[in-house]
>>> print(open('structure-v1.txt').read())   # compact mmCIF, C-alpha atoms
# COMPACT_ATOMS: atom_id res chain seq x y z
CA MET A 1 -25.91 24.99 -6.45
CA SER A 2 -24.31 24.13 -3.15
CA THR A 3 -20.91 22.57 -3.07
CA THR A 4 -18.97 20.53 -0.57
CA SER A 5 -15.46 21.78 0.12
CA PHE A 6 -12.52 19.79 1.37
CA THR A 7 -9.19 20.67 2.87
CA LEU A 8 -6.06 19.18 1.41
CA ALA A 9 -4.60 16.50 3.65
CA PRO A 10 -1.68 14.22 2.82
CA GLY A 11 -2.44 10.61 2.05
CA PRO A 12 -3.24 8.23 -0.80
CA GLU A 13 -5.23 9.70 -3.66
CA ALA A 14 -9.00 9.49 -3.29
CA PRO A 15 -11.72 10.24 -5.82
CA VAL A 16 -12.64 13.89 -5.95
CA ALA A 17 -16.10 14.81 -4.72
CA ALA A 18 -17.05 18.00 -6.48
CA SER A 19 -20.70 18.38 -5.55
CA ARG A 20 -23.69 16.59 -4.14
CA SER A 21 -24.98 15.95 -7.63
CA ARG A 22 -23.92 12.87 -9.56
CA TYR A 23 -22.16 14.89 -12.23
CA ALA A 24 -20.38 18.16 -11.58
CA PRO A 25 -20.45 20.79 -14.35
CA SER A 26 -17.25 22.51 -15.38
CA THR A 27 -18.37 25.73 -13.70
CA VAL A 28 -18.22 24.19 -10.24
CA LYS A 29 -14.95 24.80 -8.44
CA THR A 30 -13.54 21.68 -6.85
CA ALA A 31 -10.86 20.87 -4.34
CA ALA A 32 -8.96 17.62 -4.01
CA ALA A 33 -10.15 15.33 -1.25
CA ARG A 34 -7.26 13.35 0.16
CA ARG A 35 -7.78 11.05 3.08
CA PRO A 36 -5.18 10.34 5.74
CA TRP A 37 -3.27 7.07 5.51
CA LYS A 38 -5.06 4.15 7.08
CA PRO A 39 -3.16 1.80 9.43
CA TRP A 40 -3.12 -1.07 6.93
CA GLN A 41 -1.85 1.28 4.22
CA ARG A 42 1.05 2.36 6.41
CA VAL A 43 1.99 -1.25 7.20
CA LEU A 44 1.73 -2.24 3.55
CA PHE A 45 3.88 0.69 2.48
CA ARG A 46 6.57 -0.17 5.03
CA VAL A 47 6.91 -3.55 3.30
CA ALA A 48 6.46 -2.29 -0.27
CA PHE A 49 9.07 0.46 0.07
CA PRO A 50 12.13 -1.79 0.67
CA PHE A 51 10.70 -4.49 -1.62
CA PHE A 52 10.55 -2.29 -4.72
CA ILE A 53 13.89 -0.67 -3.92
CA LEU A 54 15.50 -4.12 -3.82
CA LEU A 55 13.81 -5.02 -7.11
CA SER A 56 14.66 -1.74 -8.86
CA LEU A 57 18.34 -1.30 -8.01
CA PRO A 58 21.01 -3.69 -9.41
CA SER A 59 22.56 -5.86 -6.71
CA ASP A 60 25.11 -7.65 -8.91
CA LEU A 61 28.66 -6.25 -8.87
CA GLY A 62 29.08 -7.48 -12.44
CA TRP A 63 26.48 -4.95 -13.60
CA TYR A 64 28.50 -2.03 -12.22
CA LYS A 65 31.70 -3.42 -13.71
CA ASN A 66 30.04 -3.66 -17.10
CA LEU A 67 28.68 -0.12 -16.78
CA PHE A 68 32.14 1.41 -16.38
CA THR A 69 33.86 -0.73 -19.02
CA ILE A 70 31.53 0.05 -21.95
CA ASP A 71 33.06 2.20 -24.67
CA TRP A 72 30.28 4.78 -24.92
CA LEU A 73 31.98 6.57 -27.84
CA HIS A 74 31.61 3.42 -29.93
CA GLY A 75 28.47 2.05 -28.39
CA HIS A 76 26.28 -0.74 -29.67
CA TYR A 77 22.58 -1.31 -29.11
CA ARG A 78 23.53 -4.46 -27.26
CA ASP A 79 25.31 -2.33 -24.66
CA VAL A 80 22.04 -0.52 -23.93
CA TYR A 81 20.28 -3.86 -23.63
CA ASP A 82 22.90 -5.28 -21.27
CA ILE A 83 22.70 -2.23 -19.00
CA ALA A 84 18.90 -2.06 -19.06
CA ARG A 85 18.37 -5.78 -18.57
CA PHE A 86 18.90 -6.60 -14.94
CA SER A 87 16.69 -8.12 -12.29
CA PRO A 88 17.35 -8.85 -8.61
CA SER A 89 20.09 -11.42 -8.12
CA PHE A 90 21.44 -10.75 -4.61
CA PHE A 91 24.76 -12.17 -5.78
CA LEU A 92 23.15 -15.60 -6.29
CA LYS A 93 23.68 -17.72 -9.35
CA GLY A 94 21.28 -20.08 -11.04
CA GLY A 95 17.51 -19.94 -11.00
CA ALA A 96 17.12 -20.46 -14.74
CA GLU A 97 13.67 -19.73 -16.07
CA GLY A 98 13.32 -22.32 -18.78
CA GLY A 99 13.23 -26.08 -18.33
CA ALA A 100 12.65 -25.76 -14.57
CA PRO A 101 9.69 -25.55 -12.19
CA ALA A 102 7.70 -22.41 -12.93
CA LEU A 103 8.45 -20.76 -9.58
CA LEU A 104 12.19 -21.49 -9.56
CA GLY A 105 13.11 -18.26 -11.32
CA TYR A 106 11.14 -16.22 -8.78
CA ASP A 107 13.34 -17.22 -5.84
CA LYS A 108 15.00 -13.79 -5.82
CA TRP A 109 11.58 -12.19 -5.43
CA PHE A 110 10.87 -14.28 -2.35
CA ILE A 111 14.25 -13.29 -0.89
CA ALA A 112 13.42 -9.61 -1.46
CA LEU A 113 9.98 -10.12 0.09
CA GLY A 114 11.48 -11.83 3.15
CA ILE A 115 13.94 -8.97 3.68
CA SER A 116 11.13 -6.44 3.21
CA LEU A 117 8.90 -8.16 5.77
CA VAL A 118 11.66 -7.95 8.36
CA VAL A 119 12.31 -4.28 7.52
CA GLY A 120 8.58 -3.55 7.60
CA LEU A 121 8.19 -5.20 11.00
CA ILE A 122 11.07 -3.20 12.51
CA TRP A 123 9.77 -0.02 10.87
CA THR A 124 6.30 -0.61 12.32
CA LEU A 125 7.65 -1.18 15.81
CA LEU A 126 9.69 2.03 15.72
CA SER A 127 7.26 4.29 13.88
CA ARG A 128 4.67 6.69 15.14
CA LYS A 129 1.04 5.68 14.84
CA LYS A 130 -0.05 8.32 12.33
CA GLU A 131 2.98 8.78 10.13
CA GLU A 132 2.37 9.87 6.55
CA TYR A 133 4.59 8.72 3.70
CA GLU A 134 3.64 10.99 0.82
CA VAL A 135 7.20 12.09 0.05
CA LEU A 136 8.64 8.57 0.26
CA TYR A 137 5.78 7.23 -1.85
CA TYR A 138 6.38 9.86 -4.50
CA TRP A 139 10.10 9.11 -4.81
CA LEU A 140 9.49 5.37 -4.76
CA ARG A 141 7.17 5.80 -7.74
CA VAL A 142 9.87 7.86 -9.47
CA LEU A 143 12.41 5.07 -8.96
CA VAL A 144 10.02 2.34 -10.15
CA ARG A 145 8.83 4.18 -13.24
CA PHE A 146 12.37 5.07 -14.33
CA ARG A 147 13.50 1.50 -13.73
CA ALA A 148 10.57 0.15 -15.75
CA GLY A 149 11.04 2.77 -18.47
CA ILE A 150 14.76 2.17 -18.95
CA GLY A 151 14.35 -1.60 -18.81
CA ILE A 152 11.51 -1.89 -21.31
CA ILE A 153 13.17 0.50 -23.76
CA GLY A 154 16.29 -1.68 -23.71
CA PHE A 155 14.06 -4.72 -24.19
CA GLY A 156 12.08 -3.02 -26.98
CA PHE A 157 15.23 -2.11 -28.95
CA THR A 158 15.80 -5.81 -29.67
CA LYS A 159 12.45 -5.79 -31.48
CA VAL A 160 12.60 -2.34 -33.07
CA PHE A 161 15.78 -3.61 -34.70
CA PRO A 162 14.42 -7.16 -35.15
CA THR A 163 17.22 -9.22 -33.68
CA GLN A 164 15.52 -10.98 -30.77
CA MET A 165 13.55 -13.27 -33.10
CA PRO A 166 15.47 -13.25 -36.41
CA TYR A 167 14.07 -14.28 -39.77
CA PRO A 168 14.29 -18.09 -40.17
CA SER A 169 17.46 -19.27 -41.84
CA ILE A 170 17.63 -21.91 -44.56
CA GLY A 171 18.96 -24.40 -42.01
CA ILE A 172 15.99 -23.81 -39.71
CA LEU A 173 13.50 -24.11 -42.57
CA ASN A 174 15.00 -27.48 -43.49
CA SER A 175 14.82 -28.81 -39.92
CA ASP A 176 12.18 -31.34 -38.93
CA PHE A 177 9.22 -29.62 -37.29
CA GLY A 178 8.99 -32.29 -34.60
CA ASP A 179 12.57 -31.60 -33.51
CA MET A 180 11.81 -27.98 -32.60
CA THR A 181 10.97 -26.83 -29.10
CA ALA A 182 7.77 -24.97 -28.38
CA GLN A 183 9.76 -21.79 -27.83
CA LYS A 184 11.49 -22.13 -31.20
CA ILE A 185 8.17 -22.62 -32.97
CA PHE A 186 6.74 -19.47 -31.44
CA TRP A 187 9.85 -17.42 -32.21
CA LEU A 188 9.68 -18.56 -35.84
CA GLN A 189 6.08 -17.35 -36.02
CA ILE A 190 7.20 -13.87 -35.00
CA GLY A 191 10.51 -13.88 -36.87
CA ILE A 192 8.84 -14.64 -40.19
CA VAL A 193 6.89 -11.35 -39.94
CA PRO A 194 9.60 -8.85 -38.94
CA TRP A 195 7.35 -5.80 -39.23
CA TYR A 196 5.07 -7.21 -36.54
CA GLN A 197 8.12 -7.66 -34.34
CA VAL A 198 9.06 -4.04 -35.02
CA PHE A 199 5.52 -3.00 -34.05
CA THR A 200 5.77 -4.78 -30.70
CA GLY A 201 9.12 -3.10 -30.12
CA VAL A 202 7.61 0.32 -30.84
CA VAL A 203 4.81 -0.39 -28.34
CA GLU A 204 7.30 -1.36 -25.63
CA THR A 205 9.55 1.62 -26.36
CA LEU A 206 6.59 4.01 -26.34
CA ALA A 207 5.43 2.63 -22.99
CA GLY A 208 8.91 3.16 -21.57
CA ALA A 209 9.11 6.73 -22.87
CA MET A 210 5.76 7.58 -21.28
CA LEU A 211 7.01 6.42 -17.90
CA PHE A 212 9.63 9.17 -17.87
CA PHE A 213 6.94 11.84 -17.44
CA ARG A 214 4.48 12.20 -14.54
CA ARG A 215 1.57 13.22 -16.76
CA THR A 216 1.82 10.10 -18.93
CA THR A 217 2.78 7.60 -16.22
CA PHE A 218 -0.68 6.05 -16.10
CA LEU A 219 -0.84 5.58 -19.88
CA GLY A 220 2.68 4.16 -19.99
CA ALA A 221 2.02 1.77 -17.10
CA ALA A 222 -1.27 0.59 -18.64
CA LEU A 223 0.42 0.02 -22.01
CA LEU A 224 3.30 -1.79 -20.32
CA LEU A 225 0.96 -4.00 -18.30
CA GLY A 226 -0.98 -5.02 -21.42
CA ALA A 227 2.06 -5.62 -23.63
CA LEU A 228 4.14 -7.52 -21.08
CA GLY A 229 1.15 -9.37 -19.63
CA ASP A 230 0.68 -10.98 -23.03
CA ILE A 231 4.39 -11.88 -23.16
CA VAL A 232 4.15 -13.50 -19.71
CA PHE A 233 1.30 -15.70 -20.91
CA VAL A 234 3.13 -16.63 -24.11
CA ASN A 235 6.30 -17.54 -22.22
CA PHE A 236 4.43 -19.82 -19.86
CA ALA A 237 2.51 -21.40 -22.75
CA TYR A 238 5.56 -21.96 -24.97
CA ASP A 239 8.24 -22.31 -22.24
CA GLY A 240 9.85 -19.17 -23.61
CA GLY A 241 12.45 -18.90 -20.88
CA VAL A 242 11.90 -15.25 -19.95
CA HIS A 243 8.65 -15.45 -18.01
CA VAL A 244 10.32 -14.11 -14.84
CA TYR A 245 11.80 -11.07 -16.56
CA SER A 246 8.52 -10.23 -18.32
CA SER A 247 6.62 -10.76 -15.05
CA TYR A 248 9.05 -8.31 -13.48
CA PHE A 249 7.74 -5.49 -15.67
CA VAL A 250 4.14 -6.53 -15.10
CA LEU A 251 4.75 -6.20 -11.36
CA LEU A 252 6.31 -2.74 -11.72
CA ALA A 253 3.49 -1.57 -14.00
CA ALA A 254 0.85 -2.86 -11.59
CA PHE A 255 2.48 -0.95 -8.74
CA LEU A 256 2.37 2.27 -10.75
CA LEU A 257 -1.31 1.74 -11.60
CA VAL A 258 -2.46 1.17 -8.00
CA GLN A 259 -2.52 4.90 -7.28
CA ASP A 260 -5.11 5.57 -10.00
CA LEU A 261 -7.45 2.64 -9.33
CA PRO A 262 -9.75 4.64 -6.98
CA ASN A 263 -10.07 7.37 -9.60
CA LEU A 264 -10.82 4.82 -12.33
CA TYR A 265 -13.44 3.14 -10.18
CA ASN A 266 -15.04 6.46 -9.38
CA LEU A 267 -15.08 7.53 -13.04
CA LEU A 268 -15.92 4.30 -14.90
CA ILE A 269 -17.98 2.31 -12.40
CA ARG A 270 -19.65 4.95 -10.24
CA GLU A 271 -19.74 7.42 -13.15
CA ARG A 272 -18.82 10.33 -10.91
CA TYR A 273 -17.02 13.54 -11.81
CA THR A 274 -13.35 12.82 -11.06
CA VAL A 275 -10.27 15.03 -11.10
CA PRO A 276 -7.07 13.07 -10.36
CA ARG A 277 -4.72 15.07 -8.16
CA HIS A 278 -1.46 13.55 -6.99
CA TYR A 279 1.19 14.73 -4.60
CA SER A 280 4.33 16.17 -6.17
CA PRO A 281 7.13 18.12 -4.47
CA SER A 282 7.76 21.71 -5.45
CA SER A 283 10.96 23.73 -5.27
CA ARG A 284 9.21 27.10 -5.17
CA LYS A 285 9.45 27.33 -1.40
CA PRO A 286 11.51 25.33 1.12
CA GLY A 287 9.40 22.54 2.54
CA TYR A 288 6.49 23.29 0.20
CA ALA A 289 4.58 20.36 -1.25
CA SER A 290 2.20 20.77 -4.13
CA PRO A 291 -0.78 18.53 -4.92
CA GLY A 292 0.12 18.98 -8.57
CA TRP A 293 -0.98 16.84 -11.44
CA GLY A 294 1.03 13.65 -11.16
>>> encode(input="structure-v1.txt", output="structure tokens")
Amino acid sequence: MSTTSFTLAPGPEAPVAASRSRYAPSTVKTAAARRPWKPWQRVLFRVAFPFFILLSLPSDLGWYKNLFTIDWLHGHYRDVYDIARFSPSFFLKGGAEGGAPALLGYDKWFIALGISLVVGLIWTLLSRKKEEYEVLYYWLRVLVRFRAGIGIIGFGFTKVFPTQMPYPSIGILNSDFGDMTAQKIFWLQIGIVPWYQVFTGVVETLAGAMLFFRRTTFLGAALLLGALGDIVFVNFAYDGGVHVYSSYFVLLAAFLLVQDLPNLYNLLIRERYTVPRHYSPSSRKPGYASPGWG
């Protein structure tokens, strides 16, 4: 059986072509086919790189003050939640999520996008035509997956120890149903079944733990996208007040999944033999880069 060989070139991951046949047996030796970056991919990356950095790093001085004032020897789960729960603020106040136009809470995102467009434009004007960004792309993914992992674990702890939606009190049960907000009604539905709330917390925590490892990043991002996507819908439907923060994790998870979409399309839609190979740096030799399993 004849095979088609490829040389390893830096660039976004592409489906692996192992042979001219539709399915490649395990005995056929394959090499990763990686195409050079296309012009539109370079431009898009120059905008995405500063955008996700701005979204992933805390910009509020109060966060850093809180970090260094926590008594870690006598910590509380709430301390973990307070550290993990941050989203871009750019030192601006306001922008509440609940009881306001749906897009009001996303104003910080638009600010980050505006800054990123300016940075991307300057970067494009100063860059070479055929620059590759494999190393920067790799470390950007590391930053995003650790940010998403830490954040969702802190968020999941409030459900693993069911405190986010507590069991209804006697006072709540004696309140008129018509006097309750839509959000309160939904929270009571979850709070009255605490073990379901614990289950959702375990799912979120598991997704976050998977994001800490390259080999399970795809599974963690897919689990995070599904779990938080449902929460986004619920918060819009019931005016839950945290639709921006839940959308934040959906955005991060979607970014982490983009790299594997060509492989998924090749495997599930085209039904072709696919071996995902991703760039990862190696410390074995100075300047050596390995196409290791990401």
>>> closest_residue(input="structure-v1.txt", among="A:Ala48, A:Ile83, A:Tyr106, A:Ala221", to="Tyr64 of chain A", atoms="all atoms listed in the file")
A:Ile83
>>> residues_around(input="structure-v1.txt", residues="Thr217 of chain A", least_positions_apart="6", cutoff="10 Å", atoms="all atoms listed in the file", output="mmCIF file with C-alpha atoms, keeping the file's coordinate frame")
data_model
loop_
_atom_site.group_PDB
_atom_site.id
_atom_site.type_symbol
_atom_site.label_atom_id
_atom_site.label_comp_id
_atom_site.auth_asym_id
_atom_site.auth_seq_id
_atom_site.Cartn_x
_atom_site.Cartn_y
_atom_site.Cartn_z
ATOM 1 C CA ARG A 141 7.170 5.800 -7.740
ATOM 2 C CA VAL A 142 9.870 7.860 -9.470
ATOM 3 C CA ARG A 145 8.830 4.180 -13.240
ATOM 4 C CA GLY A 149 11.040 2.770 -18.470
ATOM 5 C CA ALA A 207 5.430 2.630 -22.990
ATOM 6 C CA GLY A 208 8.910 3.160 -21.570
ATOM 7 C CA ALA A 209 9.110 6.730 -22.870
ATOM 8 C CA MET A 210 5.760 7.580 -21.280
ATOM 9 C CA LEU A 211 7.010 6.420 -17.900
ATOM 10 C CA LEU A 223 0.420 0.020 -22.010
ATOM 11 C CA ALA A 253 3.490 -1.570 -14.000
ATOM 12 C CA LEU A 256 2.370 2.270 -10.750
ATOM 13 C CA LEU A 257 -1.310 1.740 -11.600
ATOM 14 C CA GLY A 294 1.030 13.650 -11.160
#
>>> closest_residue(input="structure-v1.txt", among="A:Ala222, A:Ile231, A:Ile152, A:Leu188", to="Leu261 of chain A", atoms="all atoms listed in the file")
A:Ala222
>>> atom_distance(input="structure-v1.txt", atom1="atom CA of Asp71 of chain A", atom2="atom CA of Arg85 of chain A")
17.8 Å
>>> atom_distance(input="structure-v1.txt", atom1="atom CA of Thr216 of chain A", atom2="atom CA of Val202 of chain A")
16.5 Å
>>> closest_residue(input="structure-v1.txt", among="A:Trp123, A:Trp187, A:Phe86, A:Trp63", to="Arg46 of chain A", atoms="all atoms listed in the file")
A:Trp123
>>> residues_around(input="structure-v1.txt", residues="Phe49 of chain A", least_positions_apart="2", cutoff="12 Å", atoms="only C-alpha atoms", output="number ranges by chain")
A: 41-47, 51-56, 112-113, 115-117, 119-120, 123, 133-141, 143-144, 255
>>> residues_around(input="structure-v1.txt", residues="Asp82 of chain A", least_positions_apart="2", cutoff="9 Å", atoms="all atoms listed in the file", output="ChimeraX atom specification")
/A:63,66-67,77-80,84-86,154
>>> build_atoms(input="structure-v1.txt", residues="segment 198-212 of chain A", atoms="N, CA and C atoms", output="tab-separated table (two decimals), keeping the file's coordinate frame")
chain	number	residue	atom	x	y	z
A	198	VAL	N	8.73	-5.46	-35.17
A	198	VAL	CA	9.06	-4.04	-35.02
A	198	VAL	C	7.92	-3.30	-34.32
A	199	PHE	N	6.68	-3.64	-34.68
A	199	PHE	CA	5.52	-3.00	-34.05
A	199	PHE	C	5.50	-3.25	-32.55
A	200	THR	N	5.75	-4.49	-32.14
A	200	THR	CA	5.77	-4.78	-30.70
A	200	THR	C	6.90	-4.03	-30.00
A	201	GLY	N	8.02	-3.87	-30.70
A	201	GLY	CA	9.12	-3.10	-30.12
A	201	GLY	C	8.77	-1.63	-29.96
A	202	VAL	N	8.04	-1.08	-30.93
A	202	VAL	CA	7.61	0.32	-30.84
A	202	VAL	C	6.66	0.50	-29.66
A	203	VAL	N	5.75	-0.46	-29.47
A	203	VAL	CA	4.81	-0.39	-28.34
A	203	VAL	C	5.56	-0.38	-27.02
A	204	GLU	N	6.53	-1.28	-26.87
A	204	GLU	CA	7.30	-1.36	-25.63
A	204	GLU	C	8.13	-0.09	-25.42
A	205	THR	N	8.74	0.41	-26.48
A	205	THR	CA	9.55	1.62	-26.36
A	205	THR	C	8.69	2.82	-26.02
A	206	LEU	N	7.51	2.91	-26.63
A	206	LEU	CA	6.59	4.01	-26.34
A	206	LEU	C	6.13	3.96	-24.89
A	207	ALA	N	5.83	2.78	-24.39
A	207	ALA	CA	5.43	2.63	-22.99
A	207	ALA	C	6.55	3.11	-22.07
A	208	GLY	N	7.79	2.74	-22.38
A	208	GLY	CA	8.91	3.16	-21.57
A	208	GLY	C	9.11	4.67	-21.59
A	209	ALA	N	8.95	5.28	-22.77
A	209	ALA	CA	9.11	6.73	-22.87
A	209	ALA	C	8.05	7.46	-22.06
A	210	MET	N	6.83	6.95	-22.05
A	210	MET	CA	5.76	7.58	-21.28
A	210	MET	C	6.02	7.54	-19.79
A	211	LEU	N	6.73	6.54	-19.33
A	211	LEU	CA	7.01	6.42	-17.90
A	211	LEU	C	8.00	7.46	-17.40
A	212	PHE	N	8.68	8.15	-18.29
A	212	PHE	CA	9.63	9.17	-17.87
A	212	PHE	C	8.94	10.47	-17.46
